[in-house]
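Read through the structure below, which is laid out as C-alpha cells, and then see the notes.
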Amino acid sequence: MEFLNYAFMQRALLAAVLVGITAPAIGIYLVQRRQALMGDGIGHVAMTGVGLGFLLSWSPVWMATLVSILGAVLMELIRWYGKTRGDIALAMLFYGGMAGGVMFINLAPTGSNANLTSYLFGSLSTVSESDVTAICILAAFVVLVTLGLRRQLFAVSQDEEFARVTGLPVRALNLLTAITAAVTVTVAMRVVGLLLVSALMVVPVAAAQQLSRSFAATFTIAVAIGVGVTTGGTITSYYQDVPPGATIVLLTIGAFIVLTALATPLARRRARALAAAHPSGDPAECAIPASRGAQDGIGV
C-alpha cells in the first residue's frame, strides 16, 4: 500500500473511483437507448475542447466540458432533424472534433502531442488538484441526474412514445441525458482517456446484464464493476508501468467474459428448473403478458 504515500496516486485513485461510478451510471441509459457509441463520439468532440484549453491557457477539463456539452446538444439536434443526412453530419462533427483538437494543441505555446496523448489514453501522473476538484463537481452532477431522475430517464430510454403520452418532457430529458454523457466523458478522460471512455460506459452495463435483468440490480452491479476495474487498473498501472486507460478497459472486458461464462450455466439451470416446475402446463407463449417493464426484464 505504499502507493498511497504519493499525492499523485491519491488523486488518481479518487478520480478513478469517481469515474467507476459515473461512467456506468449514465451508460445504463445509453445502452437502453441503443446509443452505446455516443460516448465515443463525444470523446472525439472533447478533443477540440482540450486543444482550446491549452491554446487559451484555460483549464482543459472545463473547456472540454463546455465543448462536449455543445457537441452533445448538436448530436441530439442532428438526431431529431438530420433525417437521411444525419449520419454524414455526425461523422463530420466527430472527425472535425479530432482534427480541431490536434490543430489547437499544436498551435498552443505550451501544448504538445505528449499533452494530447495523456488526454487520449489517460495518465496517472498528470492528474492535478484542480483536475480532481473539477472531476468531483462534475461527478456530483452526474450522480444527481442519474439517480434523482432515474424513473423519468428509464421511461424515456425504454419507450419515447409511451413516455410522451404520459406527459414526460421527452426532448428535455433526451438533452439532459446527452449533456450528462458529455460531462461523464470529461470526468473520465484524465483516467481512462477520451478514446477509451465509451468502453467504461457500456461494457460494465453489459457485464451486469449477464447476471440480472432488474434495473436496480443491473445499475448496482455495473457501478461495482466500474469501481473495481478503475481502481484495479490504476493500481496495476502504477506497479507495472502500463497505460491506465488500456489496463482499465482490458480489465472491464475480462470481467465481462468471466461473468458471461458464469451466467451461461446459471441460465441453463434456471431454464431446467422452470421446465420441471411446469411439466404439463401451458407453454410460456400462452402466459398472460406482464407489464412492458417486466417483459423487458427490467424494473426500476
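Naming scheme: A, B, ... for chains in displayed order of the C-alpha cells; residues 1 onward per chain; ligands 1 onward as shown.
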
Skip A:Leu93 itself and residues of its chain fewer than 5 positions away, then list as a short mmCIF file (atom, residue, chain, number, x, y, z; two decimals) with C-alpha atoms, in the first residue's frame all residues within 12 Å of it, counting only C-alpha atoms.
data_model
loop_
_atom_site.label_atom_id
_atom_site.label_comp_id
_atom_site.auth_asym_id
_atom_site.auth_seq_id
_atom_site.Cartn_x
_atom_site.Cartn_y
_atom_site.Cartn_z
CA GLY A 41 -18.48 10.40 -30.43
CA ILE A 42 -18.48 12.89 -27.56
CA GLY A 43 -14.89 11.90 -26.79
CA HIS A 44 -13.87 12.92 -30.31
CA VAL A 45 -15.57 16.30 -29.90
CA ALA A 46 -13.99 16.81 -26.46
CA MET A 47 -10.55 16.75 -28.09
CA THR A 48 -11.29 20.20 -29.53
CA VAL A 67 -17.28 21.88 -25.88
CA SER A 68 -18.56 18.37 -25.11
CA LEU A 70 -22.25 21.82 -27.07
CA GLY A 71 -21.32 18.78 -29.17
CA ALA A 72 -23.80 16.53 -27.32
CA VAL A 73 -26.62 19.04 -27.82
CA LEU A 74 -25.74 19.30 -31.50
CA MET A 75 -25.76 15.50 -31.77
CA ILE A 78 -28.99 16.16 -35.64
CA GLY A 86 -27.76 12.81 -40.11
CA ASP A 87 -25.02 10.18 -40.27
CA ILE A 88 -22.89 12.37 -42.54
CA MET A 98 -10.45 15.18 -33.53
CA ALA A 99 -8.80 17.41 -36.13
CA GLY A 100 -9.59 20.55 -34.17
#

Neighbouring residues of A:Pro24 were defined as those with any atom within 7 Å, considering only C-alpha atoms; residues of the same chain fewer than 5 positions away were excluded. Please report them as a PyMOL selection string. chain A and resi 200-202+204-205+222-223+226

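Excluding A:Ile235 itself and same-chain residues fewer than 3 positions from it, the residues having an atom within 9 Å of it are Phe3, Met9, Leu13, Thr230, Thr231, Gly232, Tyr238, Tyr239, Gln240 and Pro244 of chain A, counting only C-alpha atoms.
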
Can I get the selection written as a PDB file, in the first residue's frame, with N, CA, C and O atoms?
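Output (out_31.pdb):
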ATOM      1  N   PHE A   3       1.817   2.924  -2.359  1.00  0.00           N
ATOM      2  CA  PHE A   3       1.418   3.887  -3.397  1.00  0.00           C
ATOM      3  C   PHE A   3       0.525   4.989  -2.829  1.00  0.00           C
ATOM      4  O   PHE A   3       0.424   6.071  -3.395  1.00  0.00           O
ATOM      5  N   MET A   9      -0.877   9.534  -6.669  1.00  0.00           N
ATOM      6  CA  MET A   9      -1.671   8.314  -6.655  1.00  0.00           C
ATOM      7  C   MET A   9      -2.969   8.499  -5.868  1.00  0.00           C
ATOM      8  O   MET A   9      -4.006   7.923  -6.223  1.00  0.00           O
ATOM      9  N   LEU A  13      -6.431   7.766  -7.683  1.00  0.00           N
ATOM     10  CA  LEU A  13      -7.386   6.791  -7.161  1.00  0.00           C
ATOM     11  C   LEU A  13      -8.750   7.429  -6.902  1.00  0.00           C
ATOM     12  O   LEU A  13      -9.793   6.817  -7.169  1.00  0.00           O
ATOM     13  N   THR A 230     -11.655   0.277 -12.364  1.00  0.00           N
ATOM     14  CA  THR A 230     -10.893   1.535 -12.414  1.00  0.00           C
ATOM     15  C   THR A 230      -9.836   1.588 -11.318  1.00  0.00           C
ATOM     16  O   THR A 230      -8.698   2.003 -11.574  1.00  0.00           O
ATOM     17  N   THR A 231     -10.185   1.168 -10.107  1.00  0.00           N
ATOM     18  CA  THR A 231      -9.186   1.162  -9.041  1.00  0.00           C
ATOM     19  C   THR A 231      -8.129   0.080  -9.301  1.00  0.00           C
ATOM     20  O   THR A 231      -6.930   0.316  -9.123  1.00  0.00           O
ATOM     21  N   GLY A 232      -8.588  -1.096  -9.749  1.00  0.00           N
ATOM     22  CA  GLY A 232      -7.629  -2.159 -10.051  1.00  0.00           C
ATOM     23  C   GLY A 232      -6.703  -1.784 -11.186  1.00  0.00           C
ATOM     24  O   GLY A 232      -5.496  -2.042 -11.137  1.00  0.00           O
ATOM     25  N   TYR A 238       0.281   1.582 -11.854  1.00  0.00           N
ATOM     26  CA  TYR A 238       1.377   2.092 -11.017  1.00  0.00           C
ATOM     27  C   TYR A 238       2.493   1.063 -10.871  1.00  0.00           C
ATOM     28  O   TYR A 238       3.681   1.383 -11.027  1.00  0.00           O
ATOM     29  N   TYR A 239       2.130  -0.183 -10.606  1.00  0.00           N
ATOM     30  CA  TYR A 239       3.147  -1.203 -10.351  1.00  0.00           C
ATOM     31  C   TYR A 239       3.796  -1.728 -11.630  1.00  0.00           C
ATOM     32  O   TYR A 239       4.988  -2.056 -11.632  1.00  0.00           O
ATOM     33  N   GLN A 240       3.040  -1.830 -12.698  1.00  0.00           N
ATOM     34  CA  GLN A 240       3.560  -2.432 -13.926  1.00  0.00           C
ATOM     35  C   GLN A 240       3.991  -1.402 -14.970  1.00  0.00           C
ATOM     36  O   GLN A 240       4.509  -1.789 -16.021  1.00  0.00           O
ATOM     37  N   PRO A 244      -2.866   3.453 -17.984  1.00  0.00           N
ATOM     38  CA  PRO A 244      -4.034   3.175 -17.128  1.00  0.00           C
ATOM     39  C   PRO A 244      -5.306   2.946 -17.915  1.00  0.00           C
ATOM     40  O   PRO A 244      -6.099   2.053 -17.592  1.00  0.00           O
TER      41      PRO A 244
END

Contacts of stretch 248-265 of chain A at 6 Å or less, counting only C-alpha atoms, minus same-chain residues fewer than 4 places along, as a PDB file with N, CA and C atoms, in the first residue's frame?
ATOM      1  N   ALA A 207     -21.871  -6.379 -18.840  1.00  0.00           N
ATOM      2  CA  ALA A 207     -21.457  -7.446 -17.929  1.00  0.00           C
ATOM      3  C   ALA A 207     -22.491  -7.656 -16.826  1.00  0.00           C
ATOM      4  N   GLN A 210     -25.542  -9.741 -17.616  1.00  0.00           N
ATOM      5  CA  GLN A 210     -25.387 -11.189 -17.659  1.00  0.00           C
ATOM      6  C   GLN A 210     -25.910 -11.843 -16.383  1.00  0.00           C
ATOM      7  N   VAL A 229     -12.818  -2.141 -11.566  1.00  0.00           N
ATOM      8  CA  VAL A 229     -11.838  -2.154 -12.662  1.00  0.00           C
ATOM      9  C   VAL A 229     -11.044  -0.853 -12.723  1.00  0.00           C
ATOM     10  N   THR A 230     -11.655   0.277 -12.364  1.00  0.00           N
ATOM     11  CA  THR A 230     -10.893   1.535 -12.414  1.00  0.00           C
ATOM     12  C   THR A 230      -9.836   1.588 -11.318  1.00  0.00           C
ATOM     13  N   GLY A 233      -7.250  -1.162 -12.228  1.00  0.00           N
ATOM     14  CA  GLY A 233      -6.413  -0.741 -13.344  1.00  0.00           C
ATOM     15  C   GLY A 233      -5.440   0.351 -12.966  1.00  0.00           C
TER      16      GLY A 233
END

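Take the candidates A:Leu77, A:Ala89, A:Val102, A:Arg11 and check each one against A:Leu55 using only C-alpha atoms; the shortest distance goes to A:Val102.
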
Polymer residues at most 12 Å from A:Met103, only C-alpha atoms, same-chain spacing of 4 or more positions, as a ChimeraX atom specification: /A:47-52,54-55,96-99,107-108,111-113,116

Kindly assemble as a tab-separated table a list of the stretch 182-260 of chain A residues that lie within 10 Å of stretch 147-154 of chain A, each paired with its nearest atom pair and their distance in Å to one decimal, using only C-alpha atoms, sorted first by chain and then by ascending residue number.
residue	atom	partner	partner_atom	distance
A:Phe215	CA	A:Phe154	CA	8.7
A:Ala216	CA	A:Arg150	CA	9.8
A:Phe219	CA	A:Leu147	CA	10.0

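Using only C-alpha atoms, the smallest distance between any of A:Asp159, A:Ile28, A:Pro243, A:Gly53 and A:Ala217 comes from A:Ile28.
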
With the cut-off set at 8 Å and counting only C-alpha atoms, tabulate each residue of stretch 176-235 of chain A with an atom at most that distance from an atom of stretch 119-124 of chain A, showing the nearest atom pair and its distance in Å to one decimal, ordered by chain and increasing number, as a Markdown table.
| residue | atom | partner | partner_atom | distance |
| --- | --- | --- | --- | --- |
| A:Met189 | CA | A:Tyr119 | CA | 5.8 |
| A:Arg190 | CA | A:Gly122 | CA | 5.0 |
| A:Val191 | CA | A:Gly122 | CA | 4.5 |
| A:Val192 | CA | A:Gly122 | CA | 4.7 |
| A:Gly193 | CA | A:Phe121 | CA | 3.9 |
| A:Leu194 | CA | A:Leu120 | CA | 4.7 |
| A:Leu195 | CA | A:Leu120 | CA | 5.5 |
| A:Leu196 | CA | A:Phe121 | CA | 6.8 |
| A:Thr234 | CA | A:Leu124 | CA | 7.6 |

Writing out the chosen residues with N, CA, C and O atoms as a PDB file, in the first residue's frame:
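Heads up, here's the output in selection38.pdb:
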ATOM      1  N   MET A 189     -11.826  11.393 -18.722  1.00  0.00           N
ATOM      2  CA  MET A 189     -10.723  11.486 -19.680  1.00  0.00           C
ATOM      3  C   MET A 189      -9.351  11.523 -19.032  1.00  0.00           C
ATOM      4  O   MET A 189      -8.372  11.094 -19.634  1.00  0.00           O
ATOM      5  N   ARG A 190      -9.218  11.974 -17.802  1.00  0.00           N
ATOM      6  CA  ARG A 190      -7.903  12.034 -17.167  1.00  0.00           C
ATOM      7  C   ARG A 190      -7.432  10.659 -16.713  1.00  0.00           C
ATOM      8  O   ARG A 190      -6.236  10.441 -16.539  1.00  0.00           O
ATOM      9  N   VAL A 191      -8.362   9.736 -16.505  1.00  0.00           N
ATOM     10  CA  VAL A 191      -8.005   8.401 -16.032  1.00  0.00           C
ATOM     11  C   VAL A 191      -8.036   7.387 -17.167  1.00  0.00           C
ATOM     12  O   VAL A 191      -7.075   6.641 -17.385  1.00  0.00           O
ATOM     13  N   VAL A 192      -9.143   7.337 -17.904  1.00  0.00           N
ATOM     14  CA  VAL A 192      -9.307   6.330 -18.950  1.00  0.00           C
ATOM     15  C   VAL A 192      -8.856   6.849 -20.308  1.00  0.00           C
ATOM     16  O   VAL A 192      -8.325   6.102 -21.122  1.00  0.00           O
ATOM     17  N   GLY A 193      -9.069   8.130 -20.565  1.00  0.00           N
ATOM     18  CA  GLY A 193      -8.737   8.693 -21.864  1.00  0.00           C
ATOM     19  C   GLY A 193      -9.969   8.855 -22.729  1.00  0.00           C
ATOM     20  O   GLY A 193     -10.924   8.083 -22.633  1.00  0.00           O
ATOM     21  N   LEU A 194      -9.947   9.866 -23.595  1.00  0.00           N
ATOM     22  CA  LEU A 194     -11.109  10.176 -24.422  1.00  0.00           C
ATOM     23  C   LEU A 194     -11.462   9.061 -25.399  1.00  0.00           C
ATOM     24  O   LEU A 194     -12.631   8.844 -25.717  1.00  0.00           O
ATOM     25  N   LEU A 195     -10.464   8.354 -25.899  1.00  0.00           N
ATOM     26  CA  LEU A 195     -10.715   7.334 -26.909  1.00  0.00           C
ATOM     27  C   LEU A 195     -11.206   6.012 -26.320  1.00  0.00           C
ATOM     28  O   LEU A 195     -11.666   5.140 -27.053  1.00  0.00           O
ATOM     29  N   LEU A 196     -11.105   5.863 -24.998  1.00  0.00           N
ATOM     30  CA  LEU A 196     -11.468   4.594 -24.377  1.00  0.00           C
ATOM     31  C   LEU A 196     -12.633   4.715 -23.398  1.00  0.00           C
ATOM     32  O   LEU A 196     -13.108   3.705 -22.880  1.00  0.00           O
ATOM     33  N   THR A 234      -5.862   1.267 -12.111  1.00  0.00           N
ATOM     34  CA  THR A 234      -4.973   2.349 -11.660  1.00  0.00           C
ATOM     35  C   THR A 234      -3.804   1.795 -10.849  1.00  0.00           C
ATOM     36  O   THR A 234      -2.646   2.187 -11.051  1.00  0.00           O
TER      37      THR A 234
END

Identify all residues of stretch 98-260 of chain A in alpha helix (DSSP H) (DSSP on the backbone) and supply them as a PyMOL selection string. chain A and resi 98-107+113-121+129-148+150-158+160-165+170-188+197-209+215-240+244-260

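Each of A:Thr184, A:Gln158, A:Ser57, A:Gln209 was checked against A:Val197 using only C-alpha atoms; the smallest atom-to-atom distance is that of A:Thr184.
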
Extract, using only C-alpha atoms, all DNA, RNA and protein residues at most 8 Å from A:Leu18, discarding same-chain residues fewer than 3 positions from it, and format them as a ChimeraX atom specification. /A:14-15,21-22,135-136,139,187,227

Counting only C-alpha atoms, figure out which residue out of A:Ala208, A:Val142, A:Ala277, A:Val17 gets nearest to A:Ile179. A:Val142

Which residue of A:Ala25, A:Ile105, A:Ala181, A:Ile221 approaches A:Leu56 most closely, using only C-alpha atoms: A:Ile105

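Among the candidates A:Leu66, A:Trp58, A:Asp40, A:Ala134, the one nearest to A:Tyr95 when counting only C-alpha atoms is A:Asp40.
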